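Q: I'm passing along coords_20.tsv; it holds TSV, C-alpha atoms.
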chain	number	residue	atom	x	y	z
A	272	MET	CA	108.41	74.09	103.46
A	273	GLU	CA	111.60	75.46	101.96
A	274	GLN	CA	111.31	78.61	99.88
A	275	ARG	CA	112.55	77.17	96.59
A	276	VAL	CA	111.34	75.85	93.24
A	277	SER	CA	113.09	72.78	91.86
A	278	LEU	CA	111.17	71.91	88.71
A	279	ILE	CA	108.79	73.74	86.42
A	280	THR	CA	107.00	71.10	84.38
A	281	LEU	CA	105.20	72.34	81.28
A	282	GLY	CA	102.43	70.06	80.08
A	283	VAL	CA	102.67	69.69	76.32
A	284	ALA	CA	100.50	68.19	73.60
A	285	ASP	CA	103.34	67.15	71.29
A	286	LEU	CA	106.72	66.49	72.91
A	287	PRO	CA	108.88	66.60	69.75
A	288	ARG	CA	107.24	69.87	68.71
A	289	SER	CA	107.84	71.42	72.13
A	290	ARG	CA	111.39	70.13	72.42
A	291	SER	CA	112.13	71.53	68.97
A	292	PHE	CA	110.62	74.88	69.98
A	293	TYR	CA	112.80	75.22	73.10
A	294	GLU	CA	115.90	74.03	71.27
A	295	SER	CA	115.19	76.62	68.57
A	296	LEU	CA	115.42	79.19	71.39
A	297	GLY	CA	118.95	77.96	71.98
A	298	TRP	CA	118.23	75.62	74.87
A	299	HIS	CA	119.75	72.15	75.21
A	300	GLY	CA	117.75	69.36	76.81
A	301	GLN	CA	118.00	65.69	77.65
A	302	GLU	CA	115.16	63.36	76.77
A	303	VAL	CA	114.46	60.38	79.00
A	304	GLU	CA	111.31	58.28	78.81
A	305	GLN	CA	109.29	60.85	76.88
A	306	THR	CA	110.32	63.63	79.23
A	307	VAL	CA	112.71	66.46	78.34
A	308	PHE	CA	114.81	68.11	81.05
A	309	PHE	CA	116.43	71.54	80.64
A	310	GLN	CA	118.76	72.57	83.48
A	311	THR	CA	117.99	76.22	84.28
A	312	GLY	CA	120.46	77.42	86.89
A	313	GLY	CA	119.62	75.65	90.13
A	314	SER	CA	116.25	74.50	88.83
A	315	ALA	CA	114.99	72.75	85.72
A	316	VAL	CA	112.27	73.21	83.14
A	317	VAL	CA	110.69	69.91	82.17
A	318	LEU	CA	108.50	69.08	79.18
A	319	TRP	CA	106.08	66.22	79.67
A	320	SER	CA	102.77	65.08	78.25
A	321	ARG	CA	100.03	67.30	79.58
A	322	ALA	CA	97.74	64.31	80.09
A	323	ALA	CA	100.42	62.38	81.96
A	324	LEU	CA	101.22	65.43	84.10
A	325	ALA	CA	97.58	65.94	85.01
A	326	GLU	CA	97.18	62.29	85.92
A	327	ASP	CA	100.43	62.27	87.89
A	328	CYS	CA	99.29	65.29	89.89
A	329	GLY	CA	95.92	63.75	90.65
A	330	ILE	CA	94.10	66.36	88.59
A	331	ALA	CA	91.04	65.36	86.57
A	332	GLU	CA	91.86	66.65	83.10
A	333	ALA	CA	88.94	67.59	80.90
A	334	GLY	CA	90.60	66.93	77.56
A	335	ALA	CA	91.52	70.44	76.52
A	336	GLY	CA	93.91	69.28	73.82
A	337	GLY	CA	96.87	71.54	73.17
A	338	SER	CA	95.63	74.49	75.17
A	339	ALA	CA	97.39	75.63	78.33
A	340	ALA	CA	94.04	75.83	80.08
A	341	ALA	CA	91.35	73.29	80.87
A	342	PRO	CA	87.79	73.77	82.13
A	343	ASP	CA	88.54	71.90	85.35
A	344	GLY	CA	91.08	74.37	86.63
A	345	PHE	CA	94.36	72.76	85.58
A	346	GLY	CA	96.72	75.33	84.08
A	347	GLY	CA	98.80	72.72	82.29
A	348	LEU	CA	101.85	73.31	84.47
A	349	ALA	CA	103.20	72.06	87.78
A	350	LEU	CA	105.86	73.39	90.12
A	351	ALA	CA	107.91	71.00	92.21
A	352	LEU	CA	109.91	71.36	95.36
A	353	ASN	CA	112.45	68.57	95.68
A	354	VAL	CA	113.39	67.70	99.25
A	355	ARG	CA	116.04	65.48	100.82
A	356	SER	CA	114.01	62.65	102.36
A	357	ARG	CA	110.67	60.90	102.47
A	358	GLY	CA	110.04	62.45	105.87
A	359	GLU	CA	110.43	65.95	104.43
A	360	VAL	CA	107.75	65.12	101.84
A	361	ASP	CA	105.33	64.14	104.58
A	362	GLU	CA	106.21	67.23	106.62
A	363	ALA	CA	105.73	69.63	103.71
A	364	LEU	CA	102.39	68.09	102.76
A	365	ALA	CA	101.24	68.32	106.39
A	366	VAL	CA	102.19	72.00	106.48
A	367	ALA	CA	100.41	72.59	103.18
A	368	THR	CA	97.30	70.86	104.46
A	369	SER	CA	97.33	73.04	107.57
A	370	ALA	CA	97.69	76.08	105.32
A	371	GLY	CA	94.52	75.10	103.48
A	372	ALA	CA	95.98	73.37	100.43
A	373	ARG	CA	93.98	70.70	98.66
A	374	ILE	CA	95.95	67.45	98.52
A	375	THR	CA	95.41	66.15	94.99
A	376	ARG	CA	97.72	63.13	95.35
A	377	PRO	CA	98.65	61.79	98.75
A	378	ALA	CA	102.33	61.02	99.28
A	379	GLY	CA	103.42	57.67	97.94
A	380	GLU	CA	106.23	55.80	96.25
A	381	THR	CA	107.02	56.86	92.68
A	382	PHE	CA	108.05	54.89	89.61
A	383	TYR	CA	111.55	56.40	89.74
A	384	GLY	CA	112.26	55.08	93.22
A	385	GLY	CA	111.28	58.23	95.03
A	386	TYR	CA	108.39	59.44	97.13
A	387	ALA	CA	106.09	62.35	96.35
A	388	GLY	CA	102.68	63.95	96.72
A	389	CYS	CA	100.85	66.92	95.23
A	390	PHE	CA	98.66	69.79	96.34
A	391	THR	CA	97.01	72.83	94.82
A	392	ASP	CA	97.18	76.37	96.19
A	393	PRO	CA	94.09	78.59	96.62
A	394	ASP	CA	94.01	79.38	92.87
A	395	GLY	CA	94.56	75.82	91.69
A	396	HIS	CA	98.29	76.15	90.96
A	397	VAL	CA	99.81	72.70	91.31
A	398	TRP	CA	102.80	71.84	93.52
A	399	GLU	CA	104.53	68.52	93.85
A	400	ILE	CA	106.71	67.80	96.87
A	401	ALA	CA	109.18	65.15	95.83
A	402	TYR	CA	112.03	63.11	97.19
A	403	ASN	CA	113.96	61.97	94.11
A	404	PRO	CA	117.26	60.27	94.99
A	405	GLY	CA	118.36	60.58	91.34
A	406	PHE	CA	118.35	64.40	91.33
A	407	PRO	CA	121.03	65.66	93.74
A	408	ILE	CA	120.25	68.73	95.85
A	409	GLY	CA	123.12	71.05	96.74
A	410	PRO	CA	123.65	72.80	100.07
A	411	ASP	CA	121.89	75.91	98.71
A	412	GLY	CA	118.90	73.88	97.53
A	413	SER	CA	119.90	73.87	93.87
A	414	ILE	CA	119.05	70.70	92.05
A	415	THR	CA	121.14	69.09	89.34
A	416	ILE	CA	119.67	67.08	86.52
A	417	PRO	CA	122.04	64.11	86.10
A	418	ASP	CA	123.74	63.32	82.81
A	419	PHE	CA	121.43	60.72	81.29
A	420	GLY	CA	123.76	60.31	78.33
A	421	THR	CA	121.01	61.34	75.95
A	422	ALA	CA	121.85	65.00	75.31
B	893	MET	CA	117.81	83.00	74.63
B	894	GLU	CA	119.53	82.04	77.86
B	895	GLN	CA	118.50	78.76	79.47
B	896	ARG	CA	117.17	80.20	82.73
B	897	VAL	CA	113.95	81.13	84.52
B	898	SER	CA	113.96	84.36	86.54
B	899	LEU	CA	110.40	84.74	87.74
B	900	ILE	CA	107.42	82.44	88.14
B	901	THR	CA	104.37	84.65	88.46
B	902	LEU	CA	101.25	83.00	89.83
B	903	GLY	CA	98.03	84.75	88.92
B	904	VAL	CA	95.80	84.94	91.98
B	905	ALA	CA	92.21	85.95	92.66
B	906	ASP	CA	92.80	87.30	96.18
B	907	LEU	CA	96.31	88.56	97.00
B	908	PRO	CA	96.00	88.61	100.82
B	909	ARG	CA	94.59	85.07	100.77
B	910	SER	CA	97.43	83.82	98.57
B	911	ARG	CA	100.14	85.67	100.51
B	912	SER	CA	98.75	84.21	103.71
B	913	PHE	CA	98.76	80.74	102.17
B	914	TYR	CA	102.43	80.89	101.12
B	915	GLU	CA	103.47	82.45	104.41
B	916	SER	CA	101.64	79.63	106.20
B	917	LEU	CA	103.97	77.29	104.30
B	918	GLY	CA	106.85	79.08	105.97
B	919	TRP	CA	107.75	81.43	103.13
B	920	HIS	CA	108.59	85.10	103.64
B	921	GLY	CA	107.63	87.63	100.98
B	922	GLN	CA	107.79	91.33	100.29
B	923	GLU	CA	104.69	93.15	99.08
B	924	VAL	CA	105.10	96.10	96.73
B	925	GLU	CA	102.25	97.68	94.80
B	926	GLN	CA	99.89	94.72	95.20
B	927	THR	CA	102.57	92.27	94.16
B	928	VAL	CA	104.29	89.80	96.49
B	929	PHE	CA	107.83	88.63	95.77
B	930	PHE	CA	109.35	85.49	97.28
B	931	GLN	CA	113.06	84.98	96.59
B	932	THR	CA	113.53	81.30	95.67
B	933	GLY	CA	117.23	80.64	95.25
B	934	GLY	CA	118.34	82.43	92.11
B	935	SER	CA	114.76	82.98	90.97
B	936	ALA	CA	111.58	84.35	92.50
B	937	VAL	CA	107.97	83.33	92.84
B	938	VAL	CA	105.64	86.29	92.44
B	939	LEU	CA	101.97	86.62	93.36
B	940	TRP	CA	99.98	89.09	91.30
B	941	SER	CA	96.38	89.63	90.29
B	942	ARG	CA	95.45	87.09	87.68
B	943	ALA	CA	93.55	89.70	85.67
B	944	ALA	CA	96.49	92.13	85.78
B	945	LEU	CA	98.89	89.35	84.78
B	946	ALA	CA	96.75	88.34	81.83
B	947	GLU	CA	96.45	91.93	80.66
B	948	ASP	CA	100.16	92.54	81.16
B	949	CYS	CA	101.01	89.49	79.07
B	950	GLY	CA	98.67	90.55	76.28
B	951	ILE	CA	96.38	87.58	76.89
B	952	ALA	CA	92.63	87.97	76.49
B	953	GLU	CA	91.30	86.62	79.77
B	954	ALA	CA	87.82	85.14	79.72
B	955	GLY	CA	86.94	85.88	83.32
B	956	ALA	CA	87.54	82.51	84.93
B	957	GLY	CA	87.52	83.89	88.46
B	958	GLY	CA	89.77	82.12	90.91
B	959	SER	CA	90.51	79.09	88.77
B	960	ALA	CA	94.00	78.38	87.47
B	961	ALA	CA	92.52	77.75	84.04
B	962	ALA	CA	90.54	79.87	81.61
B	963	PRO	CA	88.63	78.91	78.48
B	964	ASP	CA	90.88	81.05	76.30
B	965	GLY	CA	94.04	79.12	76.98
B	966	PHE	CA	95.64	81.15	79.75
B	967	GLY	CA	96.94	78.90	82.53
B	968	GLY	CA	97.03	81.71	85.06
B	969	LEU	CA	100.81	81.69	85.31
B	970	ALA	CA	103.72	83.31	83.51
B	971	LEU	CA	107.42	82.53	83.40
B	972	ALA	CA	109.94	85.31	82.93
B	973	LEU	CA	113.50	85.45	81.72
B	974	ASN	CA	115.20	88.60	82.92
B	975	VAL	CA	118.02	89.81	80.67
B	976	ARG	CA	120.68	92.49	80.97
B	977	SER	CA	119.67	95.05	78.35
B	978	ARG	CA	116.89	96.27	76.10
B	979	GLY	CA	118.78	94.83	73.15
B	980	GLU	CA	118.71	91.36	74.70
B	981	VAL	CA	114.92	91.62	75.01
B	982	ASP	CA	114.62	92.37	71.30
B	983	GLU	CA	117.04	89.57	70.43
B	984	ALA	CA	115.22	86.97	72.52
B	985	LEU	CA	111.83	87.92	71.09
B	986	ALA	CA	113.24	87.72	67.57
B	987	VAL	CA	114.60	84.24	68.28
B	988	ALA	CA	111.27	83.20	69.77
B	989	THR	CA	109.42	84.51	66.73
B	990	SER	CA	111.71	82.53	64.46
B	991	ALA	CA	111.06	79.45	66.60
B	992	GLY	CA	107.31	79.82	66.02
B	993	ALA	CA	106.28	81.61	69.20
B	994	ARG	CA	103.23	83.83	69.19
B	995	ILE	CA	104.15	87.33	70.36
B	996	THR	CA	101.34	88.35	72.72
B	997	ARG	CA	102.87	91.70	73.70
B	998	PRO	CA	105.52	93.35	71.56
B	999	ALA	CA	108.55	94.70	73.39
B	1000	GLY	CA	108.05	98.10	74.94
B	1001	GLU	CA	108.86	100.29	77.91
B	1002	THR	CA	107.38	99.17	81.24
B	1003	PHE	CA	105.95	101.12	84.18
B	1004	TYR	CA	108.95	100.16	86.32
B	1005	GLY	CA	111.46	101.75	83.99
B	1006	GLY	CA	112.32	98.59	82.16
B	1007	TYR	CA	111.61	97.07	78.76
B	1008	ALA	CA	109.80	93.79	78.10
B	1009	GLY	CA	107.67	91.71	75.77
B	1010	CYS	CA	105.78	88.43	75.95
B	1011	PHE	CA	105.23	85.32	73.88
B	1012	THR	CA	103.48	81.98	74.20
B	1013	ASP	CA	105.02	78.60	73.43
B	1014	PRO	CA	103.25	75.95	71.30
B	1015	ASP	CA	101.00	74.97	74.21
B	1016	GLY	CA	100.11	78.48	75.27
B	1017	HIS	CA	102.57	78.70	78.17
B	1018	VAL	CA	103.42	82.36	78.67
B	1019	TRP	CA	106.96	83.78	78.76
B	1020	GLU	CA	107.98	87.35	79.40
B	1021	ILE	CA	111.43	88.55	78.37
B	1022	ALA	CA	112.26	91.49	80.59
B	1023	TYR	CA	114.99	94.01	81.18
B	1024	ASN	CA	114.38	95.29	84.72
B	1025	PRO	CA	117.20	97.50	86.00
B	1026	GLY	CA	115.82	97.18	89.55
B	1027	PHE	CA	116.38	93.41	89.76
B	1028	PRO	CA	120.13	92.71	89.61
B	1029	ILE	CA	121.32	89.67	87.65
B	1030	GLY	CA	124.43	87.86	88.88
B	1031	PRO	CA	127.19	86.41	86.71
B	1032	ASP	CA	125.46	82.99	86.85
B	1033	GLY	CA	122.11	84.45	85.79
B	1034	SER	CA	120.59	84.44	89.28
B	1035	ILE	CA	118.33	87.34	89.98
B	1036	THR	CA	118.01	89.11	93.32
B	1037	ILE	CA	114.80	90.72	94.49
B	1038	PRO	CA	115.91	93.99	96.13
B	1039	ASP	CA	115.03	94.85	99.72
B	1040	PHE	CA	111.92	96.97	99.33
B	1041	GLY	CA	111.79	97.55	103.07
B	1042	THR	CA	108.35	95.98	103.25
B	1043	ALA	CA	109.16	92.47	104.47
Have the structure of the file written as structure tokens, please.
A:
Amino acid sequence: MEQRVSLITLGVADLPRSRSFYESLGWHGQEVEQTVFFQTGGSAVVLWSRAALAEDCGIAEAGAGGSAAAPDGFGGLALALNVRSRGEVDEALAVATSAGARITRPAGETFYGGYAGCFTDPDGHVWEIAYNPGFPIGPDGSITIPDFGTA
Amino acid sequence: MEQRVSLITLGVADLPRSRSFYESLGWHGQEVEQTVFFQTGGSAVVLWSRAALAEDCGIAEAGAGGSAAAPDGFGGLALALNVRSRGEVDEALAVATSAGARITRPAGETFYGGYAGCFTDPDGHVWEIAYNPGFPIGPDGSITIPDFGTA
């Protein structure tokens, strides 16, 4: 599994509030389908509904509202490693399984035409391994959020 | 506040276990003073005691053991933006305060000869703004973990 981080997705209770907060810091994001993407160097910070994030990661969320923590062990945040093919998703999840990760969502097709699965590390930190043909990956592993025309 | 992420620090219950896990994924880290640094492109993933991380961020940790979540709202993870001077730390924290952030640790000198402070976003996600003269920042904002000679 490559030693990179592509996306840092922050689960949020109120997307407009959170987008406004980060834009007040001087950041500029693009909103697409109730998700806000901020390019951060070769990675991106993403704001997305905490409940949707938990469900997408295969984590049973215990309804902690706007808090970053939940009783079931979900920290309200997921890291993603974007890879270049479906096969690399399967390979990375196999390596993670061998390393003792808990697979919380087996690899499968995604709504955006990609392929992804999720696991948690020994402390419950969530990783998604994703093949997303819409987010180009450079030779150095940097990802680029495309121009959605919504900035 | 620059639109970047320098460090992603994962709070862990058992550092050797977590280091072993990430190295089983194929990653290579350097351990210094019970902290493990993995260079990830222009950023780094860091493993550190969850309790130490919470205390360092000024978060009251409610003793959730090895879980990524805690009842008090700490997700067991902190993001850091490394900046180029003490003045930039103060500026970023002032901007965050104006944006509605909660300052969890006011800016101050750090044990590593730097200067840093922490805040939480509207959902409790933790950010540290740090000036660390030991971690060089490139023109594009990338940070480089130095060779500690412990790899």
Q: So what do you get for CA of Gly282 (chain A) versus CA of Gly1009 (chain B), distance-wise?
A: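 So the two atoms, CA of Gly282 (chain A) and CA of Gly1009 (chain B), lie 22.7 Å apart.
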Q: Output, as a tab-separated table (two decimals) with C-alpha atoms, in the coordinates of the input, the coordinates of chain A following least-squares superposition onto chain B across all in-order C-alpha pairs.
A:
chain	number	residue	atom	x	y	z
A	272	MET	CA	117.81	82.97	74.63
A	273	GLU	CA	119.53	82.02	77.87
A	274	GLN	CA	118.50	78.76	79.48
A	275	ARG	CA	117.18	80.19	82.74
A	276	VAL	CA	113.96	81.13	84.53
A	277	SER	CA	113.97	84.35	86.53
A	278	LEU	CA	110.40	84.74	87.74
A	279	ILE	CA	107.43	82.45	88.14
A	280	THR	CA	104.38	84.67	88.48
A	281	LEU	CA	101.26	83.00	89.84
A	282	GLY	CA	98.03	84.76	88.93
A	283	VAL	CA	95.82	84.96	91.99
A	284	ALA	CA	92.23	85.95	92.68
A	285	ASP	CA	92.80	87.29	96.19
A	286	LEU	CA	96.30	88.55	97.00
A	287	PRO	CA	96.01	88.61	100.81
A	288	ARG	CA	94.60	85.07	100.78
A	289	SER	CA	97.43	83.82	98.57
A	290	ARG	CA	100.14	85.65	100.49
A	291	SER	CA	98.77	84.20	103.72
A	292	PHE	CA	98.76	80.72	102.17
A	293	TYR	CA	102.43	80.89	101.12
A	294	GLU	CA	103.48	82.44	104.41
A	295	SER	CA	101.65	79.63	106.22
A	296	LEU	CA	103.98	77.28	104.30
A	297	GLY	CA	106.86	79.07	105.97
A	298	TRP	CA	107.75	81.42	103.14
A	299	HIS	CA	108.60	85.10	103.63
A	300	GLY	CA	107.63	87.63	100.99
A	301	GLN	CA	107.78	91.34	100.29
A	302	GLU	CA	104.70	93.15	99.08
A	303	VAL	CA	105.09	96.10	96.74
A	304	GLU	CA	102.24	97.68	94.81
A	305	GLN	CA	99.88	94.73	95.19
A	306	THR	CA	102.56	92.27	94.15
A	307	VAL	CA	104.28	89.80	96.49
A	308	PHE	CA	107.83	88.64	95.78
A	309	PHE	CA	109.34	85.48	97.29
A	310	GLN	CA	113.06	84.98	96.59
A	311	THR	CA	113.53	81.30	95.68
A	312	GLY	CA	117.23	80.64	95.25
A	313	GLY	CA	118.34	82.43	92.10
A	314	SER	CA	114.77	82.98	90.96
A	315	ALA	CA	111.59	84.34	92.50
A	316	VAL	CA	107.97	83.33	92.84
A	317	VAL	CA	105.65	86.29	92.43
A	318	LEU	CA	101.97	86.61	93.36
A	319	TRP	CA	99.98	89.09	91.31
A	320	SER	CA	96.39	89.62	90.29
A	321	ARG	CA	95.46	87.08	87.67
A	322	ALA	CA	93.56	89.71	85.68
A	323	ALA	CA	96.48	92.13	85.79
A	324	LEU	CA	98.90	89.36	84.78
A	325	ALA	CA	96.75	88.34	81.83
A	326	GLU	CA	96.45	91.93	80.67
A	327	ASP	CA	100.17	92.56	81.16
A	328	CYS	CA	101.01	89.51	79.05
A	329	GLY	CA	98.66	90.55	76.28
A	330	ILE	CA	96.38	87.58	76.89
A	331	ALA	CA	92.62	87.99	76.51
A	332	GLU	CA	91.29	86.66	79.80
A	333	ALA	CA	87.82	85.16	79.74
A	334	GLY	CA	86.91	85.89	83.35
A	335	ALA	CA	87.51	82.51	84.92
A	336	GLY	CA	87.48	83.88	88.46
A	337	GLY	CA	89.69	82.07	90.93
A	338	SER	CA	90.44	79.07	88.76
A	339	ALA	CA	93.93	78.39	87.45
A	340	ALA	CA	92.49	77.77	84.01
A	341	ALA	CA	90.53	79.91	81.58
A	342	PRO	CA	88.66	78.95	78.40
A	343	ASP	CA	90.95	81.09	76.26
A	344	GLY	CA	94.08	79.11	76.98
A	345	PHE	CA	95.69	81.15	79.75
A	346	GLY	CA	96.96	78.89	82.53
A	347	GLY	CA	97.04	81.69	85.08
A	348	LEU	CA	100.82	81.70	85.32
A	349	ALA	CA	103.73	83.32	83.51
A	350	LEU	CA	107.43	82.54	83.41
A	351	ALA	CA	109.94	85.33	82.93
A	352	LEU	CA	113.49	85.45	81.74
A	353	ASN	CA	115.21	88.61	82.92
A	354	VAL	CA	118.02	89.81	80.67
A	355	ARG	CA	120.69	92.49	80.98
A	356	SER	CA	119.66	95.06	78.36
A	357	ARG	CA	116.90	96.27	76.09
A	358	GLY	CA	118.77	94.83	73.13
A	359	GLU	CA	118.71	91.36	74.69
A	360	VAL	CA	114.91	91.63	75.00
A	361	ASP	CA	114.62	92.37	71.30
A	362	GLU	CA	117.04	89.56	70.42
A	363	ALA	CA	115.23	86.97	72.52
A	364	LEU	CA	111.84	87.92	71.10
A	365	ALA	CA	113.25	87.71	67.56
A	366	VAL	CA	114.60	84.23	68.29
A	367	ALA	CA	111.27	83.20	69.78
A	368	THR	CA	109.42	84.49	66.75
A	369	SER	CA	111.72	82.52	64.46
A	370	ALA	CA	111.06	79.45	66.61
A	371	GLY	CA	107.33	79.83	66.02
A	372	ALA	CA	106.28	81.60	69.21
A	373	ARG	CA	103.23	83.83	69.20
A	374	ILE	CA	104.16	87.33	70.36
A	375	THR	CA	101.34	88.34	72.70
A	376	ARG	CA	102.87	91.69	73.70
A	377	PRO	CA	105.50	93.34	71.55
A	378	ALA	CA	108.53	94.70	73.39
A	379	GLY	CA	108.02	98.10	74.93
A	380	GLU	CA	108.83	100.28	77.90
A	381	THR	CA	107.37	99.17	81.24
A	382	PHE	CA	105.95	101.10	84.16
A	383	TYR	CA	108.94	100.16	86.33
A	384	GLY	CA	111.45	101.76	83.98
A	385	GLY	CA	112.32	98.60	82.13
A	386	TYR	CA	111.60	97.07	78.76
A	387	ALA	CA	109.79	93.81	78.09
A	388	GLY	CA	107.66	91.72	75.77
A	389	CYS	CA	105.78	88.43	75.95
A	390	PHE	CA	105.24	85.32	73.88
A	391	THR	CA	103.49	81.99	74.20
A	392	ASP	CA	105.02	78.59	73.43
A	393	PRO	CA	103.26	75.95	71.29
A	394	ASP	CA	100.98	74.96	74.21
A	395	GLY	CA	100.12	78.49	75.28
A	396	HIS	CA	102.58	78.70	78.19
A	397	VAL	CA	103.43	82.36	78.68
A	398	TRP	CA	106.97	83.78	78.77
A	399	GLU	CA	107.99	87.34	79.41
A	400	ILE	CA	111.43	88.55	78.37
A	401	ALA	CA	112.27	91.49	80.58
A	402	TYR	CA	114.99	94.02	81.18
A	403	ASN	CA	114.37	95.27	84.72
A	404	PRO	CA	117.19	97.51	86.00
A	405	GLY	CA	115.81	97.17	89.55
A	406	PHE	CA	116.38	93.40	89.76
A	407	PRO	CA	120.13	92.70	89.62
A	408	ILE	CA	121.32	89.67	87.66
A	409	GLY	CA	124.43	87.87	88.88
A	410	PRO	CA	127.18	86.40	86.71
A	411	ASP	CA	125.46	82.99	86.84
A	412	GLY	CA	122.12	84.47	85.79
A	413	SER	CA	120.61	84.43	89.26
A	414	ILE	CA	118.33	87.33	89.98
A	415	THR	CA	118.00	89.10	93.31
A	416	ILE	CA	114.81	90.70	94.48
A	417	PRO	CA	115.90	93.97	96.13
A	418	ASP	CA	115.04	94.84	99.71
A	419	PHE	CA	111.92	96.96	99.31
A	420	GLY	CA	111.79	97.57	103.05
A	421	THR	CA	108.36	96.00	103.25
A	422	ALA	CA	109.17	92.48	104.47
Q: For chain B versus chain A, which residues have an atom no more than 9 Å away, and what is each residue's nearest atom pair and distance in Å rounded to one decimal, using only C-alpha atoms, chain-then-number order, as CSV?
A:
residue,atom,partner,partner_atom,distance
B:Met893,CA,A:Leu296,CA,5.5
B:Glu894,CA,A:Gly297,CA,7.2
B:Gln895,CA,A:Thr311,CA,5.5
B:Arg896,CA,A:Thr311,CA,4.3
B:Val897,CA,A:Thr311,CA,6.4
B:Ile900,CA,A:Ile279,CA,9.0
B:Leu902,CA,A:His396,CA,7.5
B:Gly903,CA,A:Asp394,CA,7.8
B:Val904,CA,A:Asp394,CA,5.9
B:Ala905,CA,A:Asp394,CA,6.8
B:Asp906,CA,A:Asp394,CA,8.7
B:Arg909,CA,A:Pro393,CA,7.7
B:Ser910,CA,A:Pro393,CA,6.5
B:Ser912,CA,A:Ala370,CA,8.4
B:Phe913,CA,A:Ala370,CA,5.7
B:Tyr914,CA,A:Ala370,CA,8.0
B:Glu915,CA,A:Ala370,CA,8.6
B:Ser916,CA,A:Ala370,CA,5.4
B:Leu917,CA,A:Met272,CA,5.5
B:Gly918,CA,A:Met272,CA,5.8
B:Trp919,CA,A:Gln274,CA,5.6
B:His920,CA,A:Gln274,CA,8.0
B:Phe930,CA,A:Gln274,CA,7.6
B:Gln931,CA,A:Gln274,CA,7.4
B:Thr932,CA,A:Arg275,CA,4.3
B:Gly933,CA,A:Arg275,CA,6.0
B:Gly934,CA,A:Gly313,CA,7.2
B:Ser935,CA,A:Val276,CA,8.2
B:Ala936,CA,A:Arg275,CA,8.3
B:Val937,CA,A:Val276,CA,8.2
B:Gly958,CA,A:Asp394,CA,5.4
B:Ser959,CA,A:Gly344,CA,5.2
B:Ala960,CA,A:Gly395,CA,5.0
B:Ala961,CA,A:Gly344,CA,4.5
B:Ala962,CA,A:Ala340,CA,5.6
B:Pro963,CA,A:Pro342,CA,6.4
B:Asp964,CA,A:Ala340,CA,7.2
B:Gly965,CA,A:Ala340,CA,4.5
B:Phe966,CA,A:Ala340,CA,5.6
B:Gly967,CA,A:Gly346,CA,3.9
B:Gly968,CA,A:Gly346,CA,6.5
B:Leu969,CA,A:Gly346,CA,7.7
B:Ala984,CA,A:Leu296,CA,7.9
B:Val987,CA,A:Leu296,CA,6.0
B:Ala988,CA,A:Leu296,CA,6.0
B:Ser990,CA,A:Ser295,CA,8.0
B:Ala991,CA,A:Ser295,CA,5.4
B:Gly992,CA,A:Phe292,CA,7.1
B:Ala993,CA,A:Phe292,CA,8.0
B:Asp1013,CA,A:Phe292,CA,7.6
B:Pro1014,CA,A:Ser289,CA,6.5
B:Asp1015,CA,A:Gly337,CA,5.5
B:Gly1016,CA,A:Ala339,CA,5.0
B:His1017,CA,A:Ala339,CA,6.0
B:Asp1032,CA,A:Gly312,CA,7.5
B:Gly1033,CA,A:Gly312,CA,7.3
B:Ser1034,CA,A:Gly312,CA,7.4
Q: I'd like the neighbourhood of Glu302 (chain A) as a list of chain:residue names, where a residue qualifies if any of its atoms comes within 10 Å (using all atoms listed in the file), though same-chain residues fewer than 3 positions away should be ignored.
A: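 So, after excluding close chain neighbours, the residues are A:Leu286, A:Pro287, A:Arg290, A:Gln305, A:Thr306, A:Val307, A:Phe308, A:Phe309, A:Val317, A:Leu318, A:Trp319, A:Phe419, A:Gly420, A:Thr421, A:Ala422.
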Q: Please, what distance in Å, to one decimal, runs between CA of Trp398 (chain A) and CA of Thr375 (chain A)?
A: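 That distance, rounded to one decimal, is 9.4 Å.
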Q: Can you work out the spacing between CA of Ala387 (chain A) and CA of Arg357 (chain A) in Å, to one decimal?
A: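 Here the two named atoms are 7.8 Å from each other.
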Q: Build an axis-aligned box that encloses every atom of region 378-386 of chain A listed in the file, pad it by 3 Å on each side, and report its centre and edge lengths in Å to one decimal, as lines of an AutoDock Vina configuration file.
A:
center_x = 107.3
center_y = 58.0
center_z = 94.4
size_x = 15.9
size_y = 12.1
size_z = 15.7
Q: Name the closest residue to Glu947 (chain B) among the candidates B:Thr1036, B:Ala970, B:Gly1006, B:Arg994; distances are taken between atoms, counting only C-alpha atoms.
A: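 Ranked by minimum distance to Glu947 (chain B), first place goes to B:Ala970.
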Q: Mind writing region 297-314 of chain A to a file for me, with C-alpha atoms, as a PDB file, in the first residue's frame?
A:
ATOM      1  CA  GLY A 297      -9.250  31.904   3.730  1.00  0.00           C
ATOM      2  CA  TRP A 298      -9.793  28.569   2.009  1.00  0.00           C
ATOM      3  CA  HIS A 299     -11.618  28.180  -1.309  1.00  0.00           C
ATOM      4  CA  GLY A 300     -13.684  25.073  -1.972  1.00  0.00           C
ATOM      5  CA  GLN A 301     -15.902  23.551  -4.611  1.00  0.00           C
ATOM      6  CA  GLU A 302     -19.258  22.116  -3.651  1.00  0.00           C
ATOM      7  CA  VAL A 303     -20.615  19.146  -5.582  1.00  0.00           C
ATOM      8  CA  GLU A 304     -23.565  17.052  -4.451  1.00  0.00           C
ATOM      9  CA  GLN A 305     -23.455  18.214  -0.835  1.00  0.00           C
ATOM     10  CA  THR A 306     -19.727  17.626  -0.613  1.00  0.00           C
ATOM     11  CA  VAL A 307     -17.094  20.379  -0.427  1.00  0.00           C
ATOM     12  CA  PHE A 308     -13.594  19.775  -1.786  1.00  0.00           C
ATOM     13  CA  PHE A 309     -10.577  21.886  -0.809  1.00  0.00           C
ATOM     14  CA  GLN A 310      -7.383  21.141  -2.745  1.00  0.00           C
ATOM     15  CA  THR A 311      -4.531  21.061  -0.206  1.00  0.00           C
ATOM     16  CA  GLY A 312      -1.276  20.616  -2.084  1.00  0.00           C
ATOM     17  CA  GLY A 313      -1.246  17.094  -3.477  1.00  0.00           C
ATOM     18  CA  SER A 314      -4.156  16.021  -1.289  1.00  0.00           C
TER      19      SER A 314
END
